Amino acid sequence: MNLRIKDVAEAAGVSVTTVSRVLSNNGPVRDAVRQRVLGAIEQLGYRPNAAARRLRSGDTATIGLIVSDVRNPFFTEVSRAVEDAAYQQGLRVILCNTDENSEKEAMYLRLMEEERVTGCIYSPTHDAAQRFKAQAYDFPVVMIDRAGPAGSADAVVLDNRDAAARLVEHLVERGYRRIAGLFGNASTTGRERHDGFAQALGRHGLPVRAEFVEPNAESALRHVGAWLADDPASRPDAIVASNGLLLLGAYREMRARGATPGADIALAGFDNDSWTDLVTPGITVIAQPVYEIGKIAMQLLTQRLADPSMSTRSLVLPGELVIRGSTAAR
């Protein structure tokens, strides 16, 4: 039986307005009347329509989470952290995956508006980040992994330039000189890591050999395959990959061609994914505080909801260099 609030009102002998006041705990209702309404609700087994109640109040208690590639373990872990924090606050999460596609990204941002989300945590494409304007949306936004123009939105990011430079410094210290890099072409993250990579090479007077590619394993397979096909005297003696999927693709192609990381060519990259210390030798990486990024993003969003007028904040977190056998000294 599809019970309505009108049925409760008739059973309790009161108006629909009175039942609504009891359900929302808002407005004057005598205690005796309140108990009569509650008794009717229990007797009828009435359950309020939560969606309608949220629409009336204007608070949907829903957080939007738009990530760039859900296959990337980085975003999987971030999503878990956001969902954990949201659950603790009684909030629901709508998860959307853009695949670094600007059309999908625009569609999901419209969806957030249509669903009237309370707020949104968002990993933008490069172009969207650069043109982002908070006033274009009816909900607050916190960016993760990538940030927009200074002061445009709250953000939690890694110190990408420093992290990439530390990988280069480590490789140079280990004796490598022909260092090549693969960088994602769809985000500010890839560009920032390229900048740190190039600057560090420049400090040592070494040439910059880098490619901007689609940020997935298949792109790494193709480009690393081409590098390994070069003459041994000119091909890279070390490869840096700017995310976990590129790193995985680079590793697969090296092994497919019989090259051992750390013995034939050094391999290093970003994201301390579970496989990187299961293979032999283990892979040297920059470990990001991934769960912490998601957790802090929810904290920033909660604070922004409590005080919309506060100044925007951008938290830049350090990565940890985890050294393993794939960058053995020459």
# chains A, B, ... in the order shown; residues from 1 in each chain; ligands from 1

$ residues_around --residues "Gly294 of chain A" --least-positions-apart "5" --cutoff "9 Å" --atoms "only C-alpha atoms" --output "PyMOL selection string"
chain A and resi 77-83+85+121+144+156+299

$ write_last_selection --atoms "N, CA, C and O atoms" --output "compact mmCIF listing (two decimals), in the first residue's frame"
# COMPACT_ATOMS: atom_id res chain seq x y z
N GLU A 77 41.40 5.02 -4.57
CA GLU A 77 41.68 5.25 -3.15
C GLU A 77 41.11 6.58 -2.68
O GLU A 77 40.56 6.67 -1.58
N VAL A 78 41.22 7.61 -3.52
CA VAL A 78 40.63 8.90 -3.17
C VAL A 78 39.12 8.75 -2.99
O VAL A 78 38.53 9.29 -2.03
N SER A 79 38.48 8.02 -3.89
CA SER A 79 37.03 7.82 -3.82
C SER A 79 36.65 7.12 -2.52
O SER A 79 35.64 7.47 -1.89
N ARG A 80 37.44 6.14 -2.12
CA ARG A 80 37.16 5.44 -0.87
C ARG A 80 37.22 6.39 0.32
O ARG A 80 36.37 6.36 1.21
N ALA A 81 38.23 7.27 0.33
CA ALA A 81 38.39 8.21 1.43
C ALA A 81 37.22 9.19 1.48
O ALA A 81 36.69 9.49 2.56
N VAL A 82 36.80 9.68 0.33
CA VAL A 82 35.67 10.63 0.28
C VAL A 82 34.39 9.94 0.76
O VAL A 82 33.63 10.49 1.56
N GLU A 83 34.17 8.71 0.27
CA GLU A 83 32.96 7.99 0.68
C GLU A 83 32.95 7.70 2.17
O GLU A 83 31.91 7.82 2.84
N ALA A 85 34.42 9.42 4.58
CA ALA A 85 34.16 10.66 5.32
C ALA A 85 32.72 11.13 5.15
O ALA A 85 32.09 11.61 6.10
N ILE A 121 33.43 17.40 -5.12
CA ILE A 121 34.88 17.19 -5.13
C ILE A 121 35.22 16.73 -6.53
O ILE A 121 34.61 15.80 -7.07
N ILE A 144 40.77 18.22 -6.49
CA ILE A 144 41.78 17.27 -6.03
C ILE A 144 42.70 16.94 -7.20
O ILE A 144 42.28 16.90 -8.35
N VAL A 156 43.29 20.37 -3.00
CA VAL A 156 44.28 19.52 -2.33
C VAL A 156 45.11 18.86 -3.42
O VAL A 156 44.57 18.10 -4.24
N GLN A 299 37.11 17.50 4.33
CA GLN A 299 37.20 18.49 5.41
C GLN A 299 37.06 19.91 4.86
O GLN A 299 36.34 20.74 5.43

$ residues_around --residues "Asp195 of chain A" --least-positions-apart "2" --cutoff "10 Å" --atoms "only C-alpha atoms" --output "JSON, numbers by chain"
{"A": [160, 161, 162, 164, 165, 189, 190, 191, 192, 193, 197, 198, 199, 200, 201]}

$ select_by_dssp --residues "segment 54-229 of chain A" --states "alpha helix (DSSP H)" --output "tab-separated table (two decimals) with N, CA and C atoms, in the first residue's frame"
chain	number	residue	atom	x	y	z
A	54	ARG	N	14.01	16.23	1.02
A	54	ARG	CA	15.26	16.93	0.71
A	54	ARG	C	15.03	18.06	-0.27
A	55	LEU	N	14.16	17.85	-1.25
A	55	LEU	CA	13.88	18.91	-2.22
A	55	LEU	C	13.20	20.09	-1.55
A	56	ARG	N	12.29	19.81	-0.62
A	56	ARG	CA	11.61	20.91	0.08
A	56	ARG	C	12.60	21.71	0.92
A	57	SER	N	13.52	21.03	1.56
A	57	SER	CA	14.46	21.72	2.44
A	57	SER	C	15.59	22.38	1.68
A	73	PRO	N	44.32	3.52	-9.80
A	73	PRO	CA	44.22	3.25	-8.36
A	73	PRO	C	44.27	4.50	-7.49
A	74	PHE	N	44.91	5.55	-7.98
A	74	PHE	CA	44.93	6.81	-7.23
A	74	PHE	C	43.50	7.29	-6.98
A	75	PHE	N	42.68	7.32	-8.02
A	75	PHE	CA	41.32	7.81	-7.87
A	75	PHE	C	40.42	6.80	-7.15
A	76	THR	N	40.74	5.53	-7.26
A	76	THR	CA	39.99	4.53	-6.49
A	76	THR	C	40.16	4.78	-5.00
A	77	GLU	N	41.40	5.02	-4.57
A	77	GLU	CA	41.68	5.25	-3.15
A	77	GLU	C	41.11	6.58	-2.68
A	78	VAL	N	41.22	7.61	-3.52
A	78	VAL	CA	40.63	8.90	-3.17
A	78	VAL	C	39.12	8.75	-2.99
A	79	SER	N	38.48	8.02	-3.89
A	79	SER	CA	37.03	7.82	-3.82
A	79	SER	C	36.65	7.12	-2.52
A	80	ARG	N	37.44	6.14	-2.12
A	80	ARG	CA	37.16	5.44	-0.87
A	80	ARG	C	37.22	6.39	0.32
A	81	ALA	N	38.23	7.27	0.33
A	81	ALA	CA	38.39	8.21	1.43
A	81	ALA	C	37.22	9.19	1.48
A	82	VAL	N	36.80	9.68	0.33
A	82	VAL	CA	35.67	10.63	0.28
A	82	VAL	C	34.39	9.94	0.76
A	83	GLU	N	34.17	8.71	0.27
A	83	GLU	CA	32.96	7.99	0.68
A	83	GLU	C	32.95	7.70	2.17
A	84	ASP	N	34.10	7.31	2.72
A	84	ASP	CA	34.19	7.04	4.15
A	84	ASP	C	33.82	8.28	4.96
A	85	ALA	N	34.42	9.42	4.58
A	85	ALA	CA	34.16	10.66	5.32
A	85	ALA	C	32.72	11.13	5.15
A	86	ALA	N	32.18	10.97	3.95
A	86	ALA	CA	30.79	11.38	3.70
A	86	ALA	C	29.82	10.52	4.51
A	87	TYR	N	30.07	9.23	4.55
A	87	TYR	CA	29.21	8.31	5.30
A	87	TYR	C	29.16	8.70	6.78
A	88	GLN	N	30.32	9.05	7.33
A	88	GLN	CA	30.39	9.44	8.74
A	88	GLN	C	29.55	10.68	9.02
A	102	SER	N	36.44	16.02	-21.98
A	102	SER	CA	35.82	17.29	-21.62
A	102	SER	C	34.30	17.27	-21.80
A	103	GLU	N	33.80	16.50	-22.77
A	103	GLU	CA	32.36	16.43	-22.98
A	103	GLU	C	31.68	15.69	-21.83
A	104	LYS	N	32.28	14.56	-21.42
A	104	LYS	CA	31.72	13.84	-20.27
A	104	LYS	C	31.81	14.71	-19.02
A	105	GLU	N	32.91	15.42	-18.88
A	105	GLU	CA	33.11	16.29	-17.73
A	105	GLU	C	32.00	17.34	-17.65
A	106	ALA	N	31.70	18.00	-18.78
A	106	ALA	CA	30.64	19.01	-18.81
A	106	ALA	C	29.28	18.39	-18.49
A	107	MET	N	29.04	17.19	-19.01
A	107	MET	CA	27.76	16.51	-18.74
A	107	MET	C	27.60	16.23	-17.25
A	108	TYR	N	28.68	15.77	-16.60
A	108	TYR	CA	28.57	15.43	-15.18
A	108	TYR	C	28.47	16.67	-14.30
A	109	LEU	N	29.08	17.77	-14.72
A	109	LEU	CA	28.90	19.01	-13.97
A	109	LEU	C	27.45	19.49	-14.07
A	110	ARG	N	26.84	19.31	-15.23
A	110	ARG	CA	25.41	19.64	-15.36
A	110	ARG	C	24.58	18.72	-14.48
A	111	LEU	N	24.96	17.43	-14.42
A	111	LEU	CA	24.25	16.49	-13.57
A	111	LEU	C	24.29	16.93	-12.11
A	112	MET	N	25.44	17.42	-11.66
A	112	MET	CA	25.55	17.89	-10.28
A	112	MET	C	24.57	19.03	-10.01
A	113	GLU	N	24.41	19.91	-11.00
A	113	GLU	CA	23.45	21.00	-10.85
A	113	GLU	C	22.01	20.47	-10.82
A	114	GLU	N	21.72	19.52	-11.71
A	114	GLU	CA	20.38	18.95	-11.77
A	114	GLU	C	20.03	18.19	-10.49
A	126	HIS	N	42.68	19.62	-17.86
A	126	HIS	CA	43.54	20.81	-17.89
A	126	HIS	C	42.75	22.05	-18.31
A	127	ASP	N	42.01	21.95	-19.42
A	127	ASP	CA	41.29	23.12	-19.92
A	127	ASP	C	40.22	23.59	-18.95
A	128	ALA	N	39.49	22.64	-18.35
A	128	ALA	CA	38.45	23.01	-17.40
A	128	ALA	C	39.04	23.68	-16.16
A	129	ALA	N	40.17	23.19	-15.71
A	129	ALA	CA	40.83	23.78	-14.54
A	129	ALA	C	41.23	25.22	-14.81
A	130	GLN	N	41.75	25.48	-16.01
A	130	GLN	CA	42.24	26.81	-16.34
A	130	GLN	C	41.12	27.84	-16.46
A	160	ASN	N	53.84	18.61	-7.23
A	160	ASN	CA	54.21	17.81	-8.40
A	160	ASN	C	55.60	18.15	-8.94
A	161	ARG	N	55.92	19.41	-9.02
A	161	ARG	CA	57.23	19.80	-9.56
A	161	ARG	C	58.36	19.25	-8.68
A	162	ASP	N	58.21	19.43	-7.38
A	162	ASP	CA	59.24	18.95	-6.47
A	162	ASP	C	59.38	17.42	-6.54
A	163	ALA	N	58.25	16.73	-6.61
A	163	ALA	CA	58.28	15.26	-6.63
A	163	ALA	C	58.99	14.75	-7.89
A	164	ALA	N	58.66	15.33	-9.05
A	164	ALA	CA	59.30	14.89	-10.28
A	164	ALA	C	60.79	15.21	-10.27
A	165	ALA	N	61.14	16.37	-9.73
A	165	ALA	CA	62.56	16.74	-9.65
A	165	ALA	C	63.32	15.78	-8.76
A	166	ARG	N	62.69	15.31	-7.69
A	166	ARG	CA	63.37	14.38	-6.79
A	166	ARG	C	63.64	13.04	-7.48
A	167	LEU	N	62.73	12.61	-8.34
A	167	LEU	CA	62.99	11.39	-9.11
A	167	LEU	C	64.21	11.57	-10.01
A	168	VAL	N	64.28	12.71	-10.69
A	168	VAL	CA	65.43	12.97	-11.57
A	168	VAL	C	66.71	13.03	-10.77
A	169	GLU	N	66.69	13.74	-9.64
A	169	GLU	CA	67.91	13.86	-8.81
A	169	GLU	C	68.37	12.47	-8.35
A	170	HIS	N	67.42	11.64	-8.00
A	170	HIS	CA	67.76	10.28	-7.58
A	170	HIS	C	68.42	9.50	-8.71
A	171	LEU	N	67.86	9.61	-9.92
A	171	LEU	CA	68.41	8.87	-11.05
A	171	LEU	C	69.80	9.38	-11.43
A	172	VAL	N	69.98	10.69	-11.41
A	172	VAL	CA	71.30	11.25	-11.71
A	172	VAL	C	72.32	10.79	-10.68
A	173	GLU	N	71.91	10.80	-9.42
A	173	GLU	CA	72.79	10.35	-8.35
A	173	GLU	C	73.20	8.89	-8.54
A	188	THR	N	46.67	19.37	-15.59
A	188	THR	CA	47.75	20.22	-15.10
A	188	THR	C	48.78	19.40	-14.35
A	189	THR	N	48.38	18.27	-13.78
A	189	THR	CA	49.31	17.41	-13.05
A	189	THR	C	50.46	16.97	-13.94
A	190	GLY	N	50.15	16.46	-15.14
A	190	GLY	CA	51.18	16.00	-16.06
A	190	GLY	C	52.12	17.13	-16.44
A	191	ARG	N	51.57	18.31	-16.67
A	191	ARG	CA	52.40	19.45	-17.05
A	191	ARG	C	53.31	19.89	-15.91
A	192	GLU	N	52.78	19.91	-14.71
A	192	GLU	CA	53.60	20.30	-13.57
A	192	GLU	C	54.73	19.29	-13.33
A	193	ARG	N	54.44	18.02	-13.48
A	193	ARG	CA	55.48	17.01	-13.29
A	193	ARG	C	56.52	17.09	-14.41
A	194	HIS	N	56.07	17.40	-15.60
A	194	HIS	CA	57.03	17.61	-16.70
A	194	HIS	C	57.94	18.80	-16.38
A	195	ASP	N	57.36	19.88	-15.88
A	195	ASP	CA	58.16	21.06	-15.57
A	195	ASP	C	59.24	20.75	-14.54
A	196	GLY	N	58.87	20.03	-13.48
A	196	GLY	CA	59.85	19.66	-12.46
A	196	GLY	C	60.93	18.75	-13.02
A	197	PHE	N	60.51	17.83	-13.87
A	197	PHE	CA	61.42	16.90	-14.55
A	197	PHE	C	62.43	17.66	-15.41
A	198	ALA	N	61.92	18.57	-16.25
A	198	ALA	CA	62.78	19.32	-17.17
A	198	ALA	C	63.73	20.26	-16.42
A	199	GLN	N	63.22	20.90	-15.39
A	199	GLN	CA	64.07	21.82	-14.63
A	199	GLN	C	65.22	21.08	-13.95
A	200	ALA	N	64.94	19.91	-13.40
A	200	ALA	CA	65.99	19.13	-12.74
A	200	ALA	C	67.04	18.66	-13.75
A	201	LEU	N	66.61	18.22	-14.92
A	201	LEU	CA	67.57	17.83	-15.94
A	201	LEU	C	68.43	19.02	-16.37
A	202	GLY	N	67.76	20.18	-16.49
A	202	GLY	CA	68.49	21.38	-16.88
A	202	GLY	C	69.57	21.76	-15.89
A	203	ARG	N	69.30	21.56	-14.61
A	203	ARG	CA	70.30	21.90	-13.59
A	203	ARG	C	71.56	21.05	-13.74
A	217	ALA	N	47.87	2.99	-19.77
A	217	ALA	CA	48.92	1.99	-19.97
A	217	ALA	C	49.19	1.74	-21.46
A	218	GLU	N	48.15	1.79	-22.28
A	218	GLU	CA	48.33	1.52	-23.70
A	218	GLU	C	49.27	2.53	-24.35
A	219	SER	N	49.15	3.80	-23.96
A	219	SER	CA	50.06	4.83	-24.50
A	219	SER	C	51.50	4.54	-24.11
A	220	ALA	N	51.70	4.12	-22.87
A	220	ALA	CA	53.06	3.81	-22.42
A	220	ALA	C	53.63	2.64	-23.20
A	221	LEU	N	52.82	1.64	-23.47
A	221	LEU	CA	53.30	0.48	-24.24
A	221	LEU	C	53.89	0.93	-25.58
A	222	ARG	N	53.17	1.80	-26.27
A	222	ARG	CA	53.60	2.23	-27.60
A	222	ARG	C	54.89	3.05	-27.53
A	223	HIS	N	54.94	4.02	-26.63
A	223	HIS	CA	56.08	4.92	-26.60
A	223	HIS	C	57.34	4.23	-26.04
A	224	VAL	N	57.17	3.43	-25.02
A	224	VAL	CA	58.33	2.72	-24.48
A	224	VAL	C	58.84	1.71	-25.50
A	225	GLY	N	57.93	1.08	-26.23
A	225	GLY	CA	58.34	0.15	-27.28
A	225	GLY	C	59.20	0.84	-28.32
A	226	ALA	N	58.80	2.07	-28.70
A	226	ALA	CA	59.58	2.82	-29.69
A	226	ALA	C	60.95	3.19	-29.13
A	227	TRP	N	61.01	3.58	-27.86
A	227	TRP	CA	62.30	3.93	-27.26
A	227	TRP	C	63.23	2.71	-27.21
A	228	LEU	N	62.67	1.58	-26.83
A	228	LEU	CA	63.51	0.39	-26.69
A	228	LEU	C	63.98	-0.14	-28.05

$ atom_distance --atom1 "atom CA of Pro289 of chain A" --atom2 "atom CA of Glu211 of chain A"
26.1 Å

$ atom_distance --atom1 "atom CA of Ala12 of chain A" --atom2 "atom CA of Tyr46 of chain A"
12.4 Å

$ residues_around --residues "segment 146-149 of chain A" --least-positions-apart "3" --cutoff "9 Å" --atoms "only C-alpha atoms" --output "PyMOL selection string"
chain A and resi 122-126+128-133+142-143+152-158+187-189+314

$ write_last_selection --atoms "N, CA and C atoms" --output "mmCIF file, in the first residue's frame"
data_model
loop_
_atom_site.group_PDB
_atom_site.id
_atom_site.type_symbol
_atom_site.label_atom_id
_atom_site.label_comp_id
_atom_site.auth_asym_id
_atom_site.auth_seq_id
_atom_site.Cartn_x
_atom_site.Cartn_y
_atom_site.Cartn_z
ATOM 1 N N TYR A 122 36.238 17.348 -7.121
ATOM 2 C CA TYR A 122 36.341 17.330 -8.581
ATOM 3 C C TYR A 122 37.795 17.318 -9.034
ATOM 4 N N SER A 123 38.108 16.419 -9.960
ATOM 5 C CA SER A 123 39.430 16.355 -10.581
ATOM 6 C C SER A 123 39.290 16.819 -12.031
ATOM 7 N N PRO A 124 39.577 18.081 -12.323
ATOM 8 C CA PRO A 124 39.264 18.643 -13.644
ATOM 9 C C PRO A 124 40.306 18.300 -14.706
ATOM 10 N N THR A 125 39.876 18.325 -15.960
ATOM 11 C CA THR A 125 40.820 18.279 -17.065
ATOM 12 C C THR A 125 41.607 19.589 -17.079
ATOM 13 N N HIS A 126 42.684 19.622 -17.856
ATOM 14 C CA HIS A 126 43.538 20.810 -17.891
ATOM 15 C C HIS A 126 42.751 22.047 -18.314
ATOM 16 N N ALA A 128 39.495 22.643 -18.348
ATOM 17 C CA ALA A 128 38.447 23.013 -17.396
ATOM 18 C C ALA A 128 39.039 23.676 -16.160
ATOM 19 N N ALA A 129 40.172 23.186 -15.707
ATOM 20 C CA ALA A 129 40.828 23.778 -14.535
ATOM 21 C C ALA A 129 41.232 25.215 -14.811
ATOM 22 N N GLN A 130 41.746 25.479 -16.011
ATOM 23 C CA GLN A 130 42.240 26.813 -16.336
ATOM 24 C C GLN A 130 41.123 27.844 -16.459
ATOM 25 N N ARG A 131 39.937 27.411 -16.862
ATOM 26 C CA ARG A 131 38.844 28.372 -17.025
ATOM 27 C C ARG A 131 37.802 28.291 -15.906
ATOM 28 N N PHE A 132 38.120 27.576 -14.851
ATOM 29 C CA PHE A 132 37.144 27.360 -13.785
ATOM 30 C C PHE A 132 36.779 28.663 -13.079
ATOM 31 N N LYS A 133 35.487 28.865 -12.853
ATOM 32 C CA LYS A 133 34.978 29.997 -12.090
ATOM 33 C C LYS A 133 33.931 29.478 -11.109
ATOM 34 N N VAL A 142 35.592 21.573 -4.381
ATOM 35 C CA VAL A 142 36.968 21.356 -3.925
ATOM 36 C C VAL A 142 37.665 20.525 -4.991
ATOM 37 N N MET A 143 38.792 21.027 -5.488
ATOM 38 C CA MET A 143 39.540 20.301 -6.508
ATOM 39 C C MET A 143 40.559 19.374 -5.867
ATOM 40 N N SER A 152 40.677 30.385 -7.196
ATOM 41 C CA SER A 152 39.408 30.049 -7.852
ATOM 42 C C SER A 152 38.593 29.029 -7.079
ATOM 43 N N ALA A 153 39.252 28.137 -6.335
ATOM 44 C CA ALA A 153 38.540 27.095 -5.582
ATOM 45 C C ALA A 153 39.480 26.479 -4.564
ATOM 46 N N ASP A 154 38.911 25.905 -3.520
ATOM 47 C CA ASP A 154 39.715 25.124 -2.582
ATOM 48 C C ASP A 154 40.310 23.930 -3.327
ATOM 49 N N ALA A 155 41.506 23.514 -2.916
ATOM 50 C CA ALA A 155 42.164 22.419 -3.627
ATOM 51 C C ALA A 155 43.108 21.669 -2.702
ATOM 52 N N VAL A 156 43.287 20.367 -3.001
ATOM 53 C CA VAL A 156 44.283 19.523 -2.328
ATOM 54 C C VAL A 156 45.108 18.863 -3.420
ATOM 55 N N VAL A 157 46.395 19.159 -3.451
ATOM 56 C CA VAL A 157 47.246 18.650 -4.530
ATOM 57 C C VAL A 157 48.584 18.182 -3.974
ATOM 58 N N LEU A 158 49.313 17.455 -4.797
ATOM 59 C CA LEU A 158 50.688 17.069 -4.490
ATOM 60 C C LEU A 158 51.625 18.165 -4.993
ATOM 61 N N SER A 187 45.945 16.876 -18.140
ATOM 62 C CA SER A 187 45.762 17.544 -16.853
ATOM 63 C C SER A 187 46.919 18.467 -16.523
ATOM 64 N N THR A 188 46.669 19.366 -15.594
ATOM 65 C CA THR A 188 47.745 20.220 -15.104
ATOM 66 C C THR A 188 48.782 19.399 -14.347
ATOM 67 N N THR A 189 48.380 18.271 -13.780
ATOM 68 C CA THR A 189 49.314 17.413 -13.046
ATOM 69 C C THR A 189 50.464 16.968 -13.938
ATOM 70 N N SER A 314 44.477 26.325 -0.721
ATOM 71 C CA SER A 314 45.102 25.293 -1.549
ATOM 72 C C SER A 314 46.161 24.600 -0.719
#

$ residues_around --residues "segment 32-43 of chain A" --least-positions-apart "3" --cutoff "12 Å" --atoms "only C-alpha atoms" --output "PyMOL selection string"
chain A and resi 3-29+46-48

$ closest_residue --among "A:Ile239, A:Ala306, A:Leu321, A:Leu247" --to "Thr118 of chain A" --atoms "only C-alpha atoms"
A:Ala306

$ select_by_dssp --residues "segment 72-216 of chain A" --states "strand (DSSP E or B)" --output "short mmCIF file (atom, residue, chain, number, x, y, z; two decimals) with N, CA, C and O atoms, in the first residue's frame"
data_model
loop_
_atom_site.label_atom_id
_atom_site.label_comp_id
_atom_site.auth_asym_id
_atom_site.auth_seq_id
_atom_site.Cartn_x
_atom_site.Cartn_y
_atom_site.Cartn_z
N ARG A 92 25.45 11.19 1.18
CA ARG A 92 25.57 10.24 0.09
C ARG A 92 26.56 10.77 -0.94
O ARG A 92 26.85 11.97 -0.97
N VAL A 93 27.07 9.88 -1.80
CA VAL A 93 28.05 10.28 -2.82
C VAL A 93 27.58 9.82 -4.19
O VAL A 93 27.21 8.66 -4.38
N ILE A 94 27.60 10.74 -5.15
CA ILE A 94 27.39 10.40 -6.56
C ILE A 94 28.76 10.40 -7.22
O ILE A 94 29.43 11.43 -7.27
N LEU A 95 29.21 9.24 -7.72
CA LEU A 95 30.52 9.11 -8.34
C LEU A 95 30.39 9.13 -9.86
O LEU A 95 29.62 8.38 -10.44
N CYS A 96 31.17 10.00 -10.50
CA CYS A 96 31.19 10.09 -11.96
C CYS A 96 32.63 10.00 -12.45
O CYS A 96 33.54 10.52 -11.81
N ASN A 97 32.82 9.36 -13.61
CA ASN A 97 34.14 9.14 -14.19
C ASN A 97 34.20 9.81 -15.56
O ASN A 97 33.40 9.49 -16.44
N GLY A 119 27.61 19.75 -2.44
CA GLY A 119 28.94 20.20 -2.82
C GLY A 119 29.56 19.17 -3.72
O GLY A 119 29.02 18.07 -3.93
N CYS A 120 30.72 19.52 -4.30
CA CYS A 120 31.35 18.62 -5.27
C CYS A 120 32.86 18.59 -5.08
O CYS A 120 33.50 19.64 -4.90
N ILE A 121 33.43 17.40 -5.12
CA ILE A 121 34.88 17.19 -5.13
C ILE A 121 35.22 16.73 -6.53
O ILE A 121 34.61 15.80 -7.07
N TYR A 122 36.24 17.35 -7.12
CA TYR A 122 36.34 17.33 -8.58
C TYR A 122 37.79 17.32 -9.03
O TYR A 122 38.61 18.10 -8.55
N VAL A 141 32.92 23.84 -4.65
CA VAL A 141 33.76 22.84 -5.30
C VAL A 141 35.12 22.79 -4.60
O VAL A 141 35.70 23.82 -4.28
N VAL A 142 35.59 21.57 -4.38
CA VAL A 142 36.97 21.36 -3.92
C VAL A 142 37.66 20.52 -4.99
O VAL A 142 37.18 19.46 -5.37
N MET A 143 38.79 21.03 -5.49
CA MET A 143 39.54 20.30 -6.51
C MET A 143 40.56 19.37 -5.87
O MET A 143 41.15 19.71 -4.84
N ILE A 144 40.77 18.22 -6.49
CA ILE A 144 41.78 17.27 -6.03
C ILE A 144 42.70 16.94 -7.20
O ILE A 144 42.28 16.90 -8.35
N ASP A 154 38.91 25.91 -3.52
CA ASP A 154 39.71 25.12 -2.58
C ASP A 154 40.31 23.93 -3.33
O ASP A 154 39.69 23.39 -4.26
N ALA A 155 41.51 23.51 -2.92
CA ALA A 155 42.16 22.42 -3.63
C ALA A 155 43.11 21.67 -2.70
O ALA A 155 43.65 22.23 -1.75
N VAL A 156 43.29 20.37 -3.00
CA VAL A 156 44.28 19.52 -2.33
C VAL A 156 45.11 18.86 -3.42
O VAL A 156 44.57 18.10 -4.24
N VAL A 157 46.39 19.16 -3.45
CA VAL A 157 47.25 18.65 -4.53
C VAL A 157 48.58 18.18 -3.97
O VAL A 157 48.95 18.50 -2.83
N LEU A 158 49.31 17.45 -4.80
CA LEU A 158 50.69 17.07 -4.49
C LEU A 158 51.62 18.16 -4.99
O LEU A 158 51.30 18.87 -5.96
N ILE A 179 67.78 10.25 -19.53
CA ILE A 179 66.52 10.03 -18.80
C ILE A 179 65.35 10.54 -19.63
O ILE A 179 65.31 11.71 -20.00
N ALA A 180 64.40 9.66 -19.91
CA ALA A 180 63.22 10.01 -20.69
C ALA A 180 61.98 9.98 -19.79
O ALA A 180 61.95 9.28 -18.77
N GLY A 181 60.97 10.76 -20.18
CA GLY A 181 59.77 10.83 -19.36
C GLY A 181 58.49 10.73 -20.16
O GLY A 181 58.41 11.21 -21.30
N LEU A 182 57.48 10.11 -19.57
CA LEU A 182 56.12 10.04 -20.12
C LEU A 182 55.20 10.83 -19.20
O LEU A 182 55.15 10.55 -17.99
N PHE A 183 54.44 11.77 -19.79
CA PHE A 183 53.61 12.64 -18.98
C PHE A 183 52.20 12.71 -19.56
O PHE A 183 52.02 12.83 -20.78
N GLY A 184 51.20 12.65 -18.68
CA GLY A 184 49.81 12.73 -19.11
C GLY A 184 49.52 14.06 -19.77
O GLY A 184 49.95 15.12 -19.30
N ARG A 209 64.17 14.69 -22.71
CA ARG A 209 63.51 13.78 -23.66
C ARG A 209 62.19 13.37 -23.02
O ARG A 209 62.15 12.59 -22.07
N ALA A 210 61.11 13.95 -23.52
CA ALA A 210 59.81 13.72 -22.87
C ALA A 210 58.70 13.69 -23.91
O ALA A 210 58.79 14.34 -24.95
N GLU A 211 57.66 12.95 -23.59
CA GLU A 211 56.48 12.85 -24.44
C GLU A 211 55.23 13.08 -23.60
O GLU A 211 55.10 12.54 -22.50
N PHE A 212 54.31 13.93 -24.13
CA PHE A 212 52.99 14.06 -23.53
C PHE A 212 52.06 13.07 -24.23
O PHE A 212 51.93 13.10 -25.46
N VAL A 213 51.44 12.19 -23.45
CA VAL A 213 50.66 11.09 -24.03
C VAL A 213 49.33 10.96 -23.29
O VAL A 213 49.13 11.54 -22.21
#

$ atom_distance --atom1 "atom CA of Asp99 of chain A" --atom2 "atom CA of Glu214 of chain A"
10.2 Å

$ residues_around --residues "Gly325 of chain A" --least-positions-apart "6" --cutoff "9 Å" --atoms "only C-alpha atoms" --output "VMD selection string"
chain A and resid 261 to 263 266 280 to 284

$ closest_residue --among "A:Ala186, A:Val117, A:Ala329, A:Leu245" --to "Thr98 of chain A" --atoms "only C-alpha atoms"
A:Ala186

$ residues_around --residues "segment 270-272 of chain A" --least-positions-apart "4" --cutoff "6 Å" --atoms "only C-alpha atoms" --output "compact mmCIF listing (two decimals) with C-alpha atoms, in the first residue's frame"
# COMPACT_ATOMS: atom_id res chain seq x y z
CA SER A 242 54.01 10.47 -14.41
CA ASN A 243 51.18 8.28 -13.12
CA GLY A 244 50.49 4.71 -12.05
CA VAL A 285 58.08 5.53 -6.91
CA ILE A 286 56.80 8.74 -5.43
CA ALA A 287 54.16 7.61 -2.94
